[in-house]
>>> print(open('input_34.pdb').read())   # PDB, C-alpha atoms
MODEL        1
ATOM      1  CA  ASP A   1      49.782  10.847  41.499  1.00  0.00           C
ATOM      2  CA  THR A   2      48.013   7.830  40.015  1.00  0.00           C
ATOM      3  CA  ALA A   3      45.571   8.936  37.324  1.00  0.00           C
ATOM      4  CA  VAL A   4      42.834   6.354  37.894  1.00  0.00           C
ATOM      5  CA  SER A   5      42.907   4.447  41.152  1.00  0.00           C
ATOM      6  CA  GLN A   6      40.563   1.741  42.302  1.00  0.00           C
ATOM      7  CA  THR A   7      40.308  -0.159  45.552  1.00  0.00           C
ATOM      8  CA  PRO A   8      40.544  -2.824  46.660  1.00  0.00           C
ATOM      9  CA  LYS A   9      42.941  -4.599  44.312  1.00  0.00           C
ATOM     10  CA  TYR A  10      41.697  -7.998  45.443  1.00  0.00           C
ATOM     11  CA  LEU A  11      38.297  -8.885  46.869  1.00  0.00           C
ATOM     12  CA  VAL A  12      37.317 -12.362  48.028  1.00  0.00           C
ATOM     13  CA  THR A  13      33.812 -12.838  49.316  1.00  0.00           C
ATOM     14  CA  GLN A  14      31.034 -15.375  49.641  1.00  0.00           C
ATOM     15  CA  MET A  15      27.945 -15.770  47.538  1.00  0.00           C
ATOM     16  CA  GLY A  16      25.069 -13.608  48.617  1.00  0.00           C
ATOM     17  CA  ASN A  17      27.190 -10.839  50.089  1.00  0.00           C
ATOM     18  CA  ASP A  18      27.043  -7.175  49.055  1.00  0.00           C
ATOM     19  CA  LYS A  19      30.315  -5.443  48.151  1.00  0.00           C
ATOM     20  CA  SER A  20      31.596  -2.184  46.725  1.00  0.00           C
ATOM     21  CA  ILE A  21      34.587  -1.214  44.609  1.00  0.00           C
ATOM     22  CA  LYS A  22      35.764   2.370  44.674  1.00  0.00           C
ATOM     23  CA  CYS A  23      37.232   4.378  41.815  1.00  0.00           C
ATOM     24  CA  GLU A  24      38.745   7.830  41.679  1.00  0.00           C
ATOM     25  CA  GLN A  25      40.316   9.788  38.822  1.00  0.00           C
ATOM     26  CA  ASN A  26      42.365  12.969  39.050  1.00  0.00           C
ATOM     27  CA  LEU A  27      42.517  13.687  35.314  1.00  0.00           C
ATOM     28  CA  GLY A  28      39.572  16.036  35.203  1.00  0.00           C
ATOM     29  CA  HIS A  29      37.779  13.760  32.749  1.00  0.00           C
ATOM     30  CA  ASP A  30      34.061  14.174  32.414  1.00  0.00           C
ATOM     31  CA  THR A  31      33.167  10.552  31.818  1.00  0.00           C
ATOM     32  CA  MET A  32      33.907   7.449  33.865  1.00  0.00           C
ATOM     33  CA  TYR A  33      33.311   3.812  33.061  1.00  0.00           C
ATOM     34  CA  TRP A  34      33.189   0.372  34.586  1.00  0.00           C
ATOM     35  CA  TYR A  35      34.339  -2.634  32.591  1.00  0.00           C
ATOM     36  CA  LYS A  36      34.295  -6.333  33.384  1.00  0.00           C
ATOM     37  CA  GLN A  37      37.101  -8.543  32.091  1.00  0.00           C
ATOM     38  CA  ASP A  38      36.115 -12.170  32.105  1.00  0.00           C
ATOM     39  CA  SER A  39      38.250 -15.298  31.887  1.00  0.00           C
ATOM     40  CA  LYS A  40      38.356 -15.025  28.097  1.00  0.00           C
ATOM     41  CA  LYS A  41      39.989 -11.611  28.536  1.00  0.00           C
ATOM     42  CA  PHE A  42      37.225  -9.681  26.797  1.00  0.00           C
ATOM     43  CA  LEU A  43      36.644  -6.258  28.282  1.00  0.00           C
ATOM     44  CA  LYS A  44      32.914  -5.586  28.369  1.00  0.00           C
ATOM     45  CA  ILE A  45      31.475  -2.241  29.278  1.00  0.00           C
ATOM     46  CA  MET A  46      29.048  -2.165  32.158  1.00  0.00           C
ATOM     47  CA  PHE A  47      28.347   1.522  32.718  1.00  0.00           C
ATOM     48  CA  SER A  48      29.230   4.871  31.286  1.00  0.00           C
ATOM     49  CA  TYR A  49      28.580   7.933  33.434  1.00  0.00           C
ATOM     50  CA  ASN A  50      29.121  11.662  33.268  1.00  0.00           C
ATOM     51  CA  ASN A  51      27.433  14.414  35.194  1.00  0.00           C
ATOM     52  CA  LYS A  52      24.589  14.401  32.742  1.00  0.00           C
ATOM     53  CA  GLU A  53      23.891  10.849  31.819  1.00  0.00           C
ATOM     54  CA  LEU A  54      24.186   7.298  33.057  1.00  0.00           C
ATOM     55  CA  ILE A  55      24.219   4.668  30.351  1.00  0.00           C
ATOM     56  CA  ILE A  56      23.693   1.122  31.493  1.00  0.00           C
ATOM     57  CA  ASN A  57      24.590  -1.914  29.447  1.00  0.00           C
ATOM     58  CA  GLU A  58      21.276  -3.746  29.307  1.00  0.00           C
ATOM     59  CA  THR A  59      23.011  -7.083  29.813  1.00  0.00           C
ATOM     60  CA  VAL A  60      24.277  -6.063  33.254  1.00  0.00           C
ATOM     61  CA  PRO A  61      22.127  -7.464  36.098  1.00  0.00           C
ATOM     62  CA  ASN A  62      20.432  -4.857  38.243  1.00  0.00           C
ATOM     63  CA  ARG A  63      22.403  -6.229  41.194  1.00  0.00           C
ATOM     64  CA  PHE A  64      25.157  -3.974  39.880  1.00  0.00           C
ATOM     65  CA  SER A  65      24.751  -0.267  40.437  1.00  0.00           C
ATOM     66  CA  PRO A  66      27.143   2.651  39.969  1.00  0.00           C
ATOM     67  CA  LYS A  67      27.221   5.493  42.461  1.00  0.00           C
ATOM     68  CA  SER A  68      28.919   8.796  41.736  1.00  0.00           C
ATOM     69  CA  PRO A  69      29.299  11.126  44.725  1.00  0.00           C
ATOM     70  CA  ASP A  70      31.124  13.648  42.530  1.00  0.00           C
ATOM     71  CA  LYS A  71      32.738  14.052  39.124  1.00  0.00           C
ATOM     72  CA  ALA A  72      35.982  12.373  40.195  1.00  0.00           C
ATOM     73  CA  HIS A  73      34.448   9.237  41.672  1.00  0.00           C
ATOM     74  CA  LEU A  74      32.416   6.355  40.319  1.00  0.00           C
ATOM     75  CA  ASN A  75      31.926   3.472  42.718  1.00  0.00           C
ATOM     76  CA  LEU A  76      30.495   0.081  41.832  1.00  0.00           C
ATOM     77  CA  HIS A  77      28.058  -1.612  44.203  1.00  0.00           C
ATOM     78  CA  ILE A  78      27.197  -5.246  43.797  1.00  0.00           C
ATOM     79  CA  ASN A  79      24.345  -6.897  45.695  1.00  0.00           C
ATOM     80  CA  SER A  80      23.750 -10.597  46.277  1.00  0.00           C
ATOM     81  CA  LEU A  81      27.019 -11.685  44.697  1.00  0.00           C
ATOM     82  CA  GLU A  82      26.991 -14.809  42.523  1.00  0.00           C
ATOM     83  CA  LEU A  83      29.773 -17.163  41.442  1.00  0.00           C
ATOM     84  CA  GLY A  84      29.550 -15.820  37.887  1.00  0.00           C
ATOM     85  CA  ASP A  85      30.433 -12.355  39.104  1.00  0.00           C
ATOM     86  CA  SER A  86      34.022 -13.492  39.625  1.00  0.00           C
ATOM     87  CA  ALA A  87      36.152 -11.455  37.227  1.00  0.00           C
ATOM     88  CA  VAL A  88      38.470  -8.477  37.087  1.00  0.00           C
ATOM     89  CA  TYR A  89      36.631  -5.158  37.158  1.00  0.00           C
ATOM     90  CA  PHE A  90      38.283  -2.102  35.616  1.00  0.00           C
ATOM     91  CA  CYS A  91      37.398   1.496  36.163  1.00  0.00           C
ATOM     92  CA  ALA A  92      38.307   3.948  33.409  1.00  0.00           C
ATOM     93  CA  SER A  93      37.919   7.617  32.610  1.00  0.00           C
ATOM     94  CA  GLY A  94      38.096   9.673  29.457  1.00  0.00           C
ATOM     95  CA  THR A  95      36.698  12.392  27.271  1.00  0.00           C
ATOM     96  CA  VAL A  96      34.985  12.110  23.906  1.00  0.00           C
ATOM     97  CA  ASP A  97      38.130  12.048  21.809  1.00  0.00           C
ATOM     98  CA  SER A  98      40.814  10.867  24.197  1.00  0.00           C
ATOM     99  CA  PRO A  99      42.109   7.383  24.937  1.00  0.00           C
ATOM    100  CA  LEU A 100      40.608   5.737  27.949  1.00  0.00           C
ATOM    101  CA  HIS A 101      42.706   5.752  31.094  1.00  0.00           C
ATOM    102  CA  PHE A 102      42.253   2.585  33.098  1.00  0.00           C
ATOM    103  CA  GLY A 103      42.781   1.715  36.718  1.00  0.00           C
ATOM    104  CA  ASN A 104      44.735  -1.419  37.549  1.00  0.00           C
ATOM    105  CA  GLY A 105      41.676  -3.520  38.170  1.00  0.00           C
ATOM    106  CA  THR A 106      39.969  -5.232  41.080  1.00  0.00           C
ATOM    107  CA  ARG A 107      40.061  -9.010  41.026  1.00  0.00           C
ATOM    108  CA  LEU A 108      36.785 -10.212  42.518  1.00  0.00           C
ATOM    109  CA  THR A 109      36.510 -13.831  43.601  1.00  0.00           C
ATOM    110  CA  VAL A 110      33.154 -15.118  44.766  1.00  0.00           C
ATOM    111  CA  THR A 111      33.234 -18.415  46.656  1.00  0.00           C
TER     112      THR A 111
ATOM    113  CA  LYS B   1      26.671  -6.994  14.904  1.00  0.00           C
ATOM    114  CA  ASN B   2      29.666  -4.906  15.941  1.00  0.00           C
ATOM    115  CA  GLN B   3      32.667  -7.146  16.467  1.00  0.00           C
ATOM    116  CA  VAL B   4      36.431  -6.905  16.809  1.00  0.00           C
ATOM    117  CA  GLU B   5      38.540 -10.001  16.153  1.00  0.00           C
ATOM    118  CA  GLN B   6      42.249 -10.261  16.795  1.00  0.00           C
ATOM    119  CA  SER B   7      44.859 -12.728  15.657  1.00  0.00           C
ATOM    120  CA  PRO B   8      46.873 -14.570  16.615  1.00  0.00           C
ATOM    121  CA  GLN B   9      45.470 -15.364  20.030  1.00  0.00           C
ATOM    122  CA  SER B  10      49.020 -15.704  21.369  1.00  0.00           C
ATOM    123  CA  LEU B  11      52.505 -15.303  19.978  1.00  0.00           C
ATOM    124  CA  ILE B  12      55.996 -16.182  21.176  1.00  0.00           C
ATOM    125  CA  ILE B  13      59.012 -14.398  19.692  1.00  0.00           C
ATOM    126  CA  LEU B  14      62.676 -13.972  20.515  1.00  0.00           C
ATOM    127  CA  GLU B  15      63.984 -10.717  21.880  1.00  0.00           C
ATOM    128  CA  GLY B  16      65.066  -8.387  19.111  1.00  0.00           C
ATOM    129  CA  LYS B  17      62.692  -9.825  16.512  1.00  0.00           C
ATOM    130  CA  ASN B  18      59.800  -7.987  14.905  1.00  0.00           C
ATOM    131  CA  CYS B  19      56.173  -9.076  14.970  1.00  0.00           C
ATOM    132  CA  THR B  20      52.803  -8.013  13.611  1.00  0.00           C
ATOM    133  CA  LEU B  21      49.446  -8.370  15.298  1.00  0.00           C
ATOM    134  CA  GLN B  22      46.189  -8.273  13.362  1.00  0.00           C
ATOM    135  CA  CYS B  23      42.764  -6.794  14.050  1.00  0.00           C
ATOM    136  CA  ASN B  24      39.637  -7.152  11.903  1.00  0.00           C
ATOM    137  CA  TYR B  25      36.469  -5.320  12.752  1.00  0.00           C
ATOM    138  CA  THR B  26      32.887  -4.994  11.629  1.00  0.00           C
ATOM    139  CA  VAL B  27      32.036  -1.932  13.734  1.00  0.00           C
ATOM    140  CA  SER B  28      29.905   0.572  11.874  1.00  0.00           C
ATOM    141  CA  PRO B  29      29.835   3.482  11.476  1.00  0.00           C
ATOM    142  CA  PHE B  30      33.536   3.647  12.195  1.00  0.00           C
ATOM    143  CA  SER B  31      34.858   6.446  14.401  1.00  0.00           C
ATOM    144  CA  ASN B  32      38.351   5.479  15.521  1.00  0.00           C
ATOM    145  CA  LEU B  33      40.597   2.533  16.285  1.00  0.00           C
ATOM    146  CA  ARG B  34      42.954   2.257  19.219  1.00  0.00           C
ATOM    147  CA  TRP B  35      45.590  -0.196  20.300  1.00  0.00           C
ATOM    148  CA  TYR B  36      46.166  -0.763  24.002  1.00  0.00           C
ATOM    149  CA  LYS B  37      48.899  -2.642  25.830  1.00  0.00           C
ATOM    150  CA  GLN B  38      47.877  -4.505  28.971  1.00  0.00           C
ATOM    151  CA  ASP B  39      50.592  -5.783  31.275  1.00  0.00           C
ATOM    152  CA  THR B  40      49.679  -8.650  33.575  1.00  0.00           C
ATOM    153  CA  GLY B  41      47.764  -7.380  36.578  1.00  0.00           C
ATOM    154  CA  ARG B  42      47.476  -3.876  35.197  1.00  0.00           C
ATOM    155  CA  GLY B  43      44.908  -1.866  33.307  1.00  0.00           C
ATOM    156  CA  PRO B  44      45.231  -1.290  29.543  1.00  0.00           C
ATOM    157  CA  VAL B  45      47.399   1.633  28.425  1.00  0.00           C
ATOM    158  CA  SER B  46      46.825   3.427  25.135  1.00  0.00           C
ATOM    159  CA  LEU B  47      49.490   3.028  22.419  1.00  0.00           C
ATOM    160  CA  THR B  48      47.922   4.610  19.339  1.00  0.00           C
ATOM    161  CA  ILE B  49      44.652   6.063  18.129  1.00  0.00           C
ATOM    162  CA  MET B  50      43.669   6.393  14.470  1.00  0.00           C
ATOM    163  CA  THR B  51      40.710   7.960  12.754  1.00  0.00           C
ATOM    164  CA  PHE B  52      39.211   7.101   9.378  1.00  0.00           C
ATOM    165  CA  SER B  53      41.630   9.282   7.402  1.00  0.00           C
ATOM    166  CA  GLU B  54      44.816   7.954   8.985  1.00  0.00           C
ATOM    167  CA  ASN B  55      46.666   4.993   7.483  1.00  0.00           C
ATOM    168  CA  THR B  56      49.542   4.695   9.877  1.00  0.00           C
ATOM    169  CA  LYS B  57      50.660   5.993  13.226  1.00  0.00           C
ATOM    170  CA  SER B  58      53.815   5.322  15.202  1.00  0.00           C
ATOM    171  CA  ASN B  59      54.657   5.419  18.880  1.00  0.00           C
ATOM    172  CA  GLY B  60      58.302   4.530  19.356  1.00  0.00           C
ATOM    173  CA  ARG B  61      58.801   0.927  18.291  1.00  0.00           C
ATOM    174  CA  TYR B  62      55.050   0.470  17.806  1.00  0.00           C
ATOM    175  CA  THR B  63      53.515   1.214  14.398  1.00  0.00           C
ATOM    176  CA  ALA B  64      49.812   0.808  13.760  1.00  0.00           C
ATOM    177  CA  THR B  65      48.222   0.683  10.323  1.00  0.00           C
ATOM    178  CA  LEU B  66      44.604   1.048   9.331  1.00  0.00           C
ATOM    179  CA  ASP B  67      42.790   0.048   6.153  1.00  0.00           C
ATOM    180  CA  ALA B  68      39.288   1.413   6.542  1.00  0.00           C
ATOM    181  CA  ASP B  69      38.170  -0.174   3.262  1.00  0.00           C
ATOM    182  CA  THR B  70      38.944  -3.721   4.339  1.00  0.00           C
ATOM    183  CA  LYS B  71      38.313  -2.898   8.009  1.00  0.00           C
ATOM    184  CA  GLN B  72      41.669  -4.200   9.089  1.00  0.00           C
ATOM    185  CA  SER B  73      44.378  -2.885  11.354  1.00  0.00           C
ATOM    186  CA  SER B  74      47.784  -4.161  12.343  1.00  0.00           C
ATOM    187  CA  LEU B  75      50.216  -3.369  15.101  1.00  0.00           C
ATOM    188  CA  HIS B  76      53.865  -3.857  14.221  1.00  0.00           C
ATOM    189  CA  ILE B  77      56.438  -4.106  16.969  1.00  0.00           C
ATOM    190  CA  THR B  78      60.038  -3.528  15.967  1.00  0.00           C
ATOM    191  CA  ALA B  79      63.096  -4.899  17.759  1.00  0.00           C
ATOM    192  CA  SER B  80      61.044  -6.475  20.517  1.00  0.00           C
ATOM    193  CA  GLN B  81      62.114  -6.227  24.130  1.00  0.00           C
ATOM    194  CA  LEU B  82      61.299  -8.414  27.102  1.00  0.00           C
ATOM    195  CA  SER B  83      59.094  -5.619  28.437  1.00  0.00           C
ATOM    196  CA  ASP B  84      56.894  -5.935  25.355  1.00  0.00           C
ATOM    197  CA  SER B  85      55.476  -9.142  26.831  1.00  0.00           C
ATOM    198  CA  ALA B  86      51.844  -8.243  27.418  1.00  0.00           C
ATOM    199  CA  SER B  87      48.386  -8.454  25.907  1.00  0.00           C
ATOM    200  CA  TYR B  88      47.664  -6.116  23.017  1.00  0.00           C
ATOM    201  CA  ILE B  89      44.059  -5.108  22.640  1.00  0.00           C
ATOM    202  CA  CYS B  90      42.413  -3.607  19.566  1.00  0.00           C
ATOM    203  CA  VAL B  91      39.526  -1.269  20.372  1.00  0.00           C
ATOM    204  CA  VAL B  92      37.127   0.170  17.806  1.00  0.00           C
ATOM    205  CA  SER B  93      34.684   2.965  18.445  1.00  0.00           C
ATOM    206  CA  ALA B  94      31.508   3.551  16.486  1.00  0.00           C
ATOM    207  CA  GLY B  95      30.007   6.922  15.758  1.00  0.00           C
ATOM    208  CA  THR B  96      26.570   6.214  17.161  1.00  0.00           C
ATOM    209  CA  GLY B  97      24.918   6.731  20.511  1.00  0.00           C
ATOM    210  CA  GLY B  98      24.959   4.285  23.361  1.00  0.00           C
ATOM    211  CA  PHE B  99      27.980   2.092  23.991  1.00  0.00           C
ATOM    212  CA  LYS B 100      30.338   3.051  21.227  1.00  0.00           C
ATOM    213  CA  THR B 101      33.457   1.101  22.129  1.00  0.00           C
ATOM    214  CA  ILE B 102      34.078  -2.534  21.222  1.00  0.00           C
ATOM    215  CA  PHE B 103      37.103  -4.370  22.604  1.00  0.00           C
ATOM    216  CA  GLY B 104      38.871  -7.285  20.978  1.00  0.00           C
ATOM    217  CA  ALA B 105      39.951 -10.232  23.091  1.00  0.00           C
ATOM    218  CA  GLY B 106      43.604  -9.324  22.673  1.00  0.00           C
ATOM    219  CA  THR B 107      46.778 -11.018  21.491  1.00  0.00           C
ATOM    220  CA  ARG B 108      49.032 -12.355  24.202  1.00  0.00           C
ATOM    221  CA  LEU B 109      52.665 -11.672  23.254  1.00  0.00           C
ATOM    222  CA  PHE B 110      55.560 -13.451  24.954  1.00  0.00           C
ATOM    223  CA  VAL B 111      59.051 -12.152  24.256  1.00  0.00           C
ATOM    224  CA  LYS B 112      61.801 -14.600  25.188  1.00  0.00           C
ATOM    225  CA  ALA B 113      65.472 -13.887  25.812  1.00  0.00           C
TER     226      ALA B 113
ENDMDL
END
>>> encode(input="input_34.pdb", output="structure tokens")
Amino acid sequence: DTAVSQTPKYLVTQMGNDKSIKCEQNLGHDTMYWYKQDSKKFLKIMFSYNNKELIINETVPNRFSPKSPDKAHLNLHINSLELGDSAVYFCASGTVDSPLHFGNGTRLTVT
Amino acid sequence: KNQVEQSPQSLIILEGKNCTLQCNYTVSPFSNLRWYKQDTGRGPVSLTIMTFSENTKSNGRYTATLDADTKQSSLHITASQLSDSASYICVVSAGTGGFKTIFGAGTRLFVKA
């Protein structure tokens, strides 16, 4: 009965490949997010999405794209992976006034 | 520029001792401030949330304070336990459109037996 689940937990791939990370939430939240946690441990928002609006952090390369098949899912697609994309990616969900609920992260390693 | 700075960067304490973590922010206009606990290999979990009018909020052995005038917050942990070893992240939300949530880099707490 995990609230926010993301898969895979670990992802190792080579430069230039295309990969996806899946995220699902069963909390009924209307907004989902993707965050990137770099080696300095800062969590930086990449996307915010609800059924009305997608907000993209302008610093995120367009190689990254979120896809939401329905309200409970927000997947992250990454094209032409680069070494600098190596990080831990967290999916989260929430409502306007509630704390964010995070998944346990996907550690992406690009070689 | 909206920023959240936390101190210390890391902290080692003995089991049973108390400790206080600090958070200074320049986010404006202020909406709310949250403290999260992040265990190694896990996602952050919310501990407390405070709005402008709240000065203190407790969650078990965790007590958060907020001074909206000086834009400072602290998280006090009482009678620490080994399971308190984690990163503690201060998160401040602004009341404007776009990306409203700014995360601090966290304080890494190590509790030793």
>>> resolve_selection(input="input_34.pdb", expression="the ChimeraX specification (/B :<9) & /A", output="list of chain:residue names")
A:Lys40, A:Lys41, A:Phe42, A:Leu43, A:Lys44, A:Ile45, A:Phe47, A:Ser48, A:Ile55, A:Ile56, A:Asn57, A:Phe90, A:Cys91, A:Ala92, A:Ser98, A:Pro99, A:Leu100, A:His101, A:Phe102, A:Gly103, A:Asn104, A:Gly105
>>> atom_distance(input="input_34.pdb", atom1="CA of Asp85 (chain A)", atom2="CA of Thr7 (chain A)")
17.0 Å
>>> atom_distance(input="input_34.pdb", atom1="CA of Pro29 (chain B)", atom2="CA of Ser53 (chain B)")
13.8 Å
>>> resolve_selection(input="input_34.pdb", expression="the PyMOL selection byres ((chain A and resi 58-63) around 7)", output="list in words")
Met46, Ile56, Asn57, Phe64, Ser65, Ile78, Asn79 and Ser80 of chain A
>>> write_last_selection(input="input_34.pdb", atoms="C-alpha atoms", output="PDB file, keeping the file's coordinate frame")
ATOM      1  CA  MET A  46      29.048  -2.165  32.158  1.00  0.00           C
ATOM      2  CA  ILE A  56      23.693   1.122  31.493  1.00  0.00           C
ATOM      3  CA  ASN A  57      24.590  -1.914  29.447  1.00  0.00           C
ATOM      4  CA  PHE A  64      25.157  -3.974  39.880  1.00  0.00           C
ATOM      5  CA  SER A  65      24.751  -0.267  40.437  1.00  0.00           C
ATOM      6  CA  ILE A  78      27.197  -5.246  43.797  1.00  0.00           C
ATOM      7  CA  ASN A  79      24.345  -6.897  45.695  1.00  0.00           C
ATOM      8  CA  SER A  80      23.750 -10.597  46.277  1.00  0.00           C
TER       9      SER A  80
END
>>> atom_distance(input="input_34.pdb", atom1="CA of Lys17 (chain B)", atom2="CA of Ser80 (chain B)")
5.5 Å
>>> resolve_selection(input="input_34.pdb", expression="the PyMOL selection byres ((chain A and resi 73) around 12)", output="PyMOL selection string")
chain A and resi 3-7+21-34+49-51+66-72+74-76+91-93
>>> residues_near_point(input="input_34.pdb", point="(31.6, -16.7, 36.9)", cutoff="10 Å", atoms="all atoms listed in the file", output="list in words")
Asp38, Ser39, Glu82, Leu83, Gly84, Asp85, Ser86, Ala87, Thr109 and Val110 of chain A
>>> closest_residue(input="input_34.pdb", among="A:Leu54, A:Leu81, A:Val88, A:Leu108", to="Gly16 (chain A)", atoms="all atoms listed in the file")
A:Leu81
>>> residues_around(input="input_34.pdb", residues="region 60-74 of chain B", least_positions_apart="2", cutoff="10 Å", atoms="all atoms listed in the file", output="JSON, numbers by chain")
{"B": [4, 5, 6, 7, 18, 20, 21, 22, 23, 24, 25, 26, 27, 28, 30, 32, 33, 34, 35, 47, 48, 49, 50, 51, 52, 53, 54, 55, 56, 57, 58, 76, 77, 78, 79, 80, 81, 90]}
>>> write_last_selection(input="input_34.pdb", atoms="C-alpha atoms", output="PDB file, in the frame of the given file")
ATOM      1  CA  VAL B   4      36.431  -6.905  16.809  1.00  0.00           C
ATOM      2  CA  GLU B   5      38.540 -10.001  16.153  1.00  0.00           C
ATOM      3  CA  GLN B   6      42.249 -10.261  16.795  1.00  0.00           C
ATOM      4  CA  SER B   7      44.859 -12.728  15.657  1.00  0.00           C
ATOM      5  CA  ASN B  18      59.800  -7.987  14.905  1.00  0.00           C
ATOM      6  CA  THR B  20      52.803  -8.013  13.611  1.00  0.00           C
ATOM      7  CA  LEU B  21      49.446  -8.370  15.298  1.00  0.00           C
ATOM      8  CA  GLN B  22      46.189  -8.273  13.362  1.00  0.00           C
ATOM      9  CA  CYS B  23      42.764  -6.794  14.050  1.00  0.00           C
ATOM     10  CA  ASN B  24      39.637  -7.152  11.903  1.00  0.00           C
ATOM     11  CA  TYR B  25      36.469  -5.320  12.752  1.00  0.00           C
ATOM     12  CA  THR B  26      32.887  -4.994  11.629  1.00  0.00           C
ATOM     13  CA  VAL B  27      32.036  -1.932  13.734  1.00  0.00           C
ATOM     14  CA  SER B  28      29.905   0.572  11.874  1.00  0.00           C
ATOM     15  CA  PHE B  30      33.536   3.647  12.195  1.00  0.00           C
ATOM     16  CA  ASN B  32      38.351   5.479  15.521  1.00  0.00           C
ATOM     17  CA  LEU B  33      40.597   2.533  16.285  1.00  0.00           C
ATOM     18  CA  ARG B  34      42.954   2.257  19.219  1.00  0.00           C
ATOM     19  CA  TRP B  35      45.590  -0.196  20.300  1.00  0.00           C
ATOM     20  CA  LEU B  47      49.490   3.028  22.419  1.00  0.00           C
ATOM     21  CA  THR B  48      47.922   4.610  19.339  1.00  0.00           C
ATOM     22  CA  ILE B  49      44.652   6.063  18.129  1.00  0.00           C
ATOM     23  CA  MET B  50      43.669   6.393  14.470  1.00  0.00           C
ATOM     24  CA  THR B  51      40.710   7.960  12.754  1.00  0.00           C
ATOM     25  CA  PHE B  52      39.211   7.101   9.378  1.00  0.00           C
ATOM     26  CA  SER B  53      41.630   9.282   7.402  1.00  0.00           C
ATOM     27  CA  GLU B  54      44.816   7.954   8.985  1.00  0.00           C
ATOM     28  CA  ASN B  55      46.666   4.993   7.483  1.00  0.00           C
ATOM     29  CA  THR B  56      49.542   4.695   9.877  1.00  0.00           C
ATOM     30  CA  LYS B  57      50.660   5.993  13.226  1.00  0.00           C
ATOM     31  CA  SER B  58      53.815   5.322  15.202  1.00  0.00           C
ATOM     32  CA  HIS B  76      53.865  -3.857  14.221  1.00  0.00           C
ATOM     33  CA  ILE B  77      56.438  -4.106  16.969  1.00  0.00           C
ATOM     34  CA  THR B  78      60.038  -3.528  15.967  1.00  0.00           C
ATOM     35  CA  ALA B  79      63.096  -4.899  17.759  1.00  0.00           C
ATOM     36  CA  SER B  80      61.044  -6.475  20.517  1.00  0.00           C
ATOM     37  CA  GLN B  81      62.114  -6.227  24.130  1.00  0.00           C
ATOM     38  CA  CYS B  90      42.413  -3.607  19.566  1.00  0.00           C
TER      39      CYS B  90
END
>>> decode(input="input_34.pdb", residues="region 25-35 of chain A", atoms="N, CA, C and O atoms", output="short mmCIF file (atom, residue, chain, number, x, y, z; two decimals), in the first residue's frame")
data_model
loop_
_atom_site.label_atom_id
_atom_site.label_comp_id
_atom_site.auth_asym_id
_atom_site.auth_seq_id
_atom_site.Cartn_x
_atom_site.Cartn_y
_atom_site.Cartn_z
N GLN A 25 1.02 7.15 -7.78
CA GLN A 25 0.60 7.50 -6.42
C GLN A 25 -0.85 7.08 -6.22
O GLN A 25 -1.67 7.20 -7.13
N ASN A 26 -1.13 6.56 -5.02
CA ASN A 26 -2.48 6.10 -4.71
C ASN A 26 -3.12 6.95 -3.62
O ASN A 26 -3.98 6.47 -2.88
N LEU A 27 -2.68 8.20 -3.53
CA LEU A 27 -3.18 9.10 -2.48
C LEU A 27 -4.32 9.99 -2.97
O LEU A 27 -4.88 10.76 -2.19
N GLY A 28 -4.63 9.91 -4.23
CA GLY A 28 -5.68 10.76 -4.77
C GLY A 28 -5.26 12.21 -4.91
O GLY A 28 -6.12 13.10 -5.06
N HIS A 29 -3.96 12.49 -4.84
CA HIS A 29 -3.49 13.86 -4.99
C HIS A 29 -3.67 14.34 -6.42
O HIS A 29 -3.62 13.57 -7.36
N ASP A 30 -3.83 15.66 -6.54
CA ASP A 30 -4.08 16.19 -7.88
C ASP A 30 -2.83 16.69 -8.57
O ASP A 30 -2.87 17.02 -9.76
N THR A 31 -1.74 16.76 -7.84
CA THR A 31 -0.51 17.27 -8.44
C THR A 31 0.65 16.31 -8.18
O THR A 31 0.80 15.80 -7.08
N MET A 32 1.44 16.09 -9.21
CA MET A 32 2.63 15.24 -9.09
C MET A 32 3.84 16.02 -9.56
O MET A 32 3.73 16.98 -10.34
N TYR A 33 4.99 15.60 -9.06
CA TYR A 33 6.23 16.34 -9.29
C TYR A 33 7.38 15.37 -9.59
O TYR A 33 7.36 14.22 -9.16
N TRP A 34 8.37 15.91 -10.28
CA TRP A 34 9.66 15.23 -10.38
C TRP A 34 10.74 16.16 -9.86
O TRP A 34 10.77 17.35 -10.23
N TYR A 35 11.60 15.60 -9.00
CA TYR A 35 12.72 16.33 -8.44
C TYR A 35 14.01 15.59 -8.78
O TYR A 35 14.04 14.37 -8.88
#
